[in-house]
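For reference, the structure is listed below as structure tokens.
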Amino acid sequence: MSGLQCLASENIWFDKQCYDEAEKCFYEGPNGPSAQAKTALQQPKGRQQKQRHRTSSSHAGGDQELVSRMKSMELENNTLHKVVTEMRAALQKLESRVAVLEKSPAAVPCAKVKTALQQPKGQKQKQRHRDAVPVQAAPQVENGDDDEDDDMDLFGSDDEDDEAAQLKQERLDAYAAKKSKKPTLIAKSSILLDVKPWDDETDMVKLEECVRSVQVDGLLWGQSKLLPVGYGIKKLQINCVVEDDKVGTDILEEEITKFEDYIQSVDVAAFNKI
């Protein structure tokens with residue numbers, strides 16, 4: 001048989017699919033399914049397990065949240081029940097106490113005490129005086145004696161008012177006398193004056209004597225000195241202390257400038273409060 005005839009009789013290449021399946025079954029027999037088949041089988045199972053785990057965890061988390069909420073609501077409900085019970089008990093005690101106070105006769109003296117505390121001081125004194133004076137039975141009189149009894153003041157309220165006014169006046173007089181004895185603060189000032197002569201031939205000793213000859217109530221002269229001005233002319237700088245209520249700078253300038261033969265002008269160099 002020639003080679004062409006042998007090839008023509010063989011049909012293995014036409015049934016290749018069958019041989020491939022047979023080879024696959026041969027290798028899968030001893031070794032089990034291939035790695036790709038295992039991966040293909042295991043991948044859906046893993047996804048299913050993950051999906052189931054996610055679903056179960058979500059259900060578990062939701063259940064725990066519901067349980068915690070229910071527990072907190074139960075605790076809050078129990079607390080509210082306790083508060084309501086305590087409030088009811090306190091209200092019942094208060095109602096019973098008010099009822100007892102309304103029925104007891106001790107409420108009347110309490111009202112009297114409150115009224116006495118609210119009254120002014122003068123009314124309290126009158127009330128005490130009334131309580132101290134014993135009440136006597138009014139004698140029966142006839143005809144016009146009733147009008148005389150109506151005009152009588154049994155409790156002497158006018159006398160008490162006069163005594164209170166007199167006591168108040170005495171206290172005011174004592175306070176005024178005490179206040180008048182306190183020494184009053186006298187406001188004083190220190191003034192530094194510049195007294196200028198007409199020229200360099202003016203007698204500065206005589207000028208200072210003229211200045212110090214000015215005597216006013218509340219004026220006290222201090223130290224003095226000569227200061228050069230220029231061209232041989234000197235000015236007198238003298239200090240004095242004055243009482244503000246009695247002596248002012250205008251009065252000093254007016255009195256000093258009266259000595260026209262020696263003094264040209266007077267200026268205030270410094271003024272300080274003491």
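By convention in this document, the chains of the structure tokens carry letters A, B, ... by their order, each chain's residues are numbered from 1, and ligands are numbered from 1 in the order they are shown.
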
Using only C-alpha atoms, which residues sit within 12 Å of Glu201 in chain A once same-chain residues fewer than 6 positions away are excluded, as an NGL selection string?
:A and (207 or 231-234 or 261-262)

Would you export the selected residues with all heavy atoms as a short mmCIF file (atom, residue, chain, number, x, y, z; two decimals), in the first residue's frame, please?
```
data_model
loop_
_atom_site.label_atom_id
_atom_site.label_comp_id
_atom_site.auth_asym_id
_atom_site.auth_seq_id
_atom_site.Cartn_x
_atom_site.Cartn_y
_atom_site.Cartn_z
N LEU A 207 12.32 147.95 96.05
CA LEU A 207 11.25 147.28 95.30
C LEU A 207 10.72 146.08 96.07
O LEU A 207 9.50 145.85 96.15
CB LEU A 207 11.78 146.86 93.92
CG LEU A 207 10.77 146.24 92.95
CD1 LEU A 207 11.07 146.69 91.53
CD2 LEU A 207 10.79 144.73 93.03
N TYR A 231 21.11 143.52 79.87
CA TYR A 231 21.53 144.91 79.89
C TYR A 231 21.64 145.43 81.31
O TYR A 231 21.31 146.57 81.61
CB TYR A 231 20.57 145.80 79.09
CG TYR A 231 20.41 145.37 77.66
CD1 TYR A 231 19.29 144.65 77.25
CD2 TYR A 231 21.40 145.66 76.73
CE1 TYR A 231 19.14 144.27 75.95
CE2 TYR A 231 21.26 145.28 75.41
CZ TYR A 231 20.14 144.57 75.02
OH TYR A 231 20.01 144.17 73.73
N GLY A 232 22.03 144.55 82.24
CA GLY A 232 22.23 144.94 83.62
C GLY A 232 20.95 145.05 84.43
O GLY A 232 20.98 145.45 85.59
N ILE A 233 19.83 144.70 83.84
CA ILE A 233 18.54 144.77 84.53
C ILE A 233 18.27 143.43 85.19
O ILE A 233 18.49 142.37 84.60
CB ILE A 233 17.41 145.13 83.56
CG1 ILE A 233 17.69 146.48 82.89
CG2 ILE A 233 16.06 145.16 84.29
CD1 ILE A 233 16.70 146.85 81.81
N LYS A 234 17.78 143.46 86.41
CA LYS A 234 17.41 142.26 87.16
C LYS A 234 15.94 142.34 87.56
O LYS A 234 15.40 143.43 87.76
CB LYS A 234 18.29 142.12 88.41
CG LYS A 234 19.76 141.89 88.10
CD LYS A 234 20.55 141.70 89.38
CE LYS A 234 22.02 141.45 89.07
NZ LYS A 234 22.83 141.24 90.30
N ASP A 261 6.50 153.79 90.85
CA ASP A 261 7.86 154.35 90.77
C ASP A 261 8.92 153.26 90.65
O ASP A 261 10.01 153.50 90.10
CB ASP A 261 8.14 155.22 92.00
CG ASP A 261 7.23 156.43 92.05
OD1 ASP A 261 6.72 156.82 90.97
OD2 ASP A 261 6.99 156.95 93.16
N TYR A 262 8.63 152.07 91.15
CA TYR A 262 9.63 150.99 91.15
C TYR A 262 9.24 149.82 90.24
O TYR A 262 10.13 149.15 89.69
CB TYR A 262 9.82 150.46 92.58
CG TYR A 262 10.30 151.52 93.55
CD1 TYR A 262 9.40 152.20 94.37
CD2 TYR A 262 11.65 151.82 93.66
CE1 TYR A 262 9.84 153.16 95.26
CE2 TYR A 262 12.11 152.79 94.55
CZ TYR A 262 11.20 153.46 95.36
OH TYR A 262 11.62 154.41 96.24
#
```

Near Leu193 in chain A, counting only C-alpha atoms, which residues have an atom at most 10 Å away, once you skip same-chain residues fewer than 3 positions from it, shown as a VMD selection string?
chain A and resid 190 196 224 236 to 240 249 252 to 253 266 to 271

Suppose we keep N, CA and C atoms; can you now write the selection as a PDB file, in the first residue's frame?
```pdb
ATOM      1  N   SER A 190       0.293 127.831  95.828  1.00  0.00           N
ATOM      2  CA  SER A 190       1.634 128.429  95.862  1.00  0.00           C
ATOM      3  C   SER A 190       1.857 129.163  94.539  1.00  0.00           C
ATOM      4  N   LYS A 196       9.120 142.992  87.600  1.00  0.00           N
ATOM      5  CA  LYS A 196      10.137 143.623  86.760  1.00  0.00           C
ATOM      6  C   LYS A 196      10.208 145.123  87.076  1.00  0.00           C
ATOM      7  N   SER A 224      12.651 134.961  98.201  1.00  0.00           N
ATOM      8  CA  SER A 224      12.794 135.752  96.980  1.00  0.00           C
ATOM      9  C   SER A 224      14.246 135.738  96.533  1.00  0.00           C
ATOM     10  N   LEU A 236      12.827 140.671  90.219  1.00  0.00           N
ATOM     11  CA  LEU A 236      12.614 140.043  91.526  1.00  0.00           C
ATOM     12  C   LEU A 236      11.660 138.870  91.366  1.00  0.00           C
ATOM     13  N   GLN A 237      12.119 137.704  91.768  1.00  0.00           N
ATOM     14  CA  GLN A 237      11.266 136.499  91.741  1.00  0.00           C
ATOM     15  C   GLN A 237      10.958 136.139  93.194  1.00  0.00           C
ATOM     16  N   ILE A 238       9.678 136.219  93.557  1.00  0.00           N
ATOM     17  CA  ILE A 238       9.265 136.025  94.936  1.00  0.00           C
ATOM     18  C   ILE A 238       8.134 135.011  94.994  1.00  0.00           C
ATOM     19  N   ASN A 239       8.144 134.197  96.053  1.00  0.00           N
ATOM     20  CA  ASN A 239       7.140 133.143  96.236  1.00  0.00           C
ATOM     21  C   ASN A 239       6.165 133.558  97.335  1.00  0.00           C
ATOM     22  N   CYS A 240       4.906 133.136  97.193  1.00  0.00           N
ATOM     23  CA  CYS A 240       3.891 133.411  98.209  1.00  0.00           C
ATOM     24  C   CYS A 240       2.871 132.289  98.227  1.00  0.00           C
ATOM     25  N   THR A 249      -4.850 135.960  92.000  1.00  0.00           N
ATOM     26  CA  THR A 249      -3.730 136.579  91.271  1.00  0.00           C
ATOM     27  C   THR A 249      -4.065 138.001  90.825  1.00  0.00           C
ATOM     28  N   LEU A 252      -3.374 140.357  93.703  1.00  0.00           N
ATOM     29  CA  LEU A 252      -1.939 140.549  93.915  1.00  0.00           C
ATOM     30  C   LEU A 252      -1.354 141.496  92.880  1.00  0.00           C
ATOM     31  N   GLU A 253      -1.673 141.284  91.611  1.00  0.00           N
ATOM     32  CA  GLU A 253      -1.138 142.156  90.569  1.00  0.00           C
ATOM     33  C   GLU A 253      -1.605 143.598  90.754  1.00  0.00           C
ATOM     34  N   VAL A 266       4.015 142.811  86.636  1.00  0.00           N
ATOM     35  CA  VAL A 266       4.031 141.603  87.469  1.00  0.00           C
ATOM     36  C   VAL A 266       3.500 140.445  86.633  1.00  0.00           C
ATOM     37  N   ASP A 267       4.241 139.357  86.575  1.00  0.00           N
ATOM     38  CA  ASP A 267       3.826 138.166  85.846  1.00  0.00           C
ATOM     39  C   ASP A 267       3.824 136.961  86.795  1.00  0.00           C
ATOM     40  N   VAL A 268       2.910 136.024  86.514  1.00  0.00           N
ATOM     41  CA  VAL A 268       2.832 134.776  87.286  1.00  0.00           C
ATOM     42  C   VAL A 268       3.729 133.744  86.597  1.00  0.00           C
ATOM     43  N   ALA A 269       4.838 133.396  87.250  1.00  0.00           N
ATOM     44  CA  ALA A 269       5.785 132.424  86.686  1.00  0.00           C
ATOM     45  C   ALA A 269       5.339 130.986  86.924  1.00  0.00           C
ATOM     46  N   ALA A 270       4.713 130.719  88.077  1.00  0.00           N
ATOM     47  CA  ALA A 270       4.260 129.351  88.391  1.00  0.00           C
ATOM     48  C   ALA A 270       3.078 129.444  89.334  1.00  0.00           C
ATOM     49  N   PHE A 271       2.157 128.456  89.189  1.00  0.00           N
ATOM     50  CA  PHE A 271       0.958 128.409  90.039  1.00  0.00           C
ATOM     51  C   PHE A 271       0.678 126.949  90.343  1.00  0.00           C
TER      52      PHE A 271
END
```

Enumerate, as a ChimeraX atom specification, the complete set of residues in range 235-269 of chain A that a backbone-based DSSP assignment places in alpha helix (DSSP H).
/A:249-256

Include C-alpha atoms and write out the residues we just selected as a CSV table (one decimal), in the first residue's frame.
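Generated file (result13.csv):
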```csv
chain,number,residue,atom,x,y,z
A,249,THR,CA,-3.7,136.6,91.3
A,250,ASP,CA,-5.7,139.6,90.1
A,251,ILE,CA,-5.7,141.1,93.6
A,252,LEU,CA,-1.9,140.5,93.9
A,253,GLU,CA,-1.1,142.2,90.6
A,254,GLU,CA,-3.4,145.1,91.3
A,255,GLU,CA,-1.9,145.7,94.7
A,256,ILE,CA,1.8,145.3,93.6
```

Go ahead and compute the interatomic distance for CA of Val241 in chain A and CA of Met204 in chain A, in Å to one decimal.
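Computing it gives 21.8 Å between the two atoms.
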
Computed interatomic separation between CA of Val247 in chain A and CA of Ile186 in chain A (Å):
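If I compute the distance from CA of Val247 in chain A to CA of Ile186 in chain A, I get 12.4 Å.
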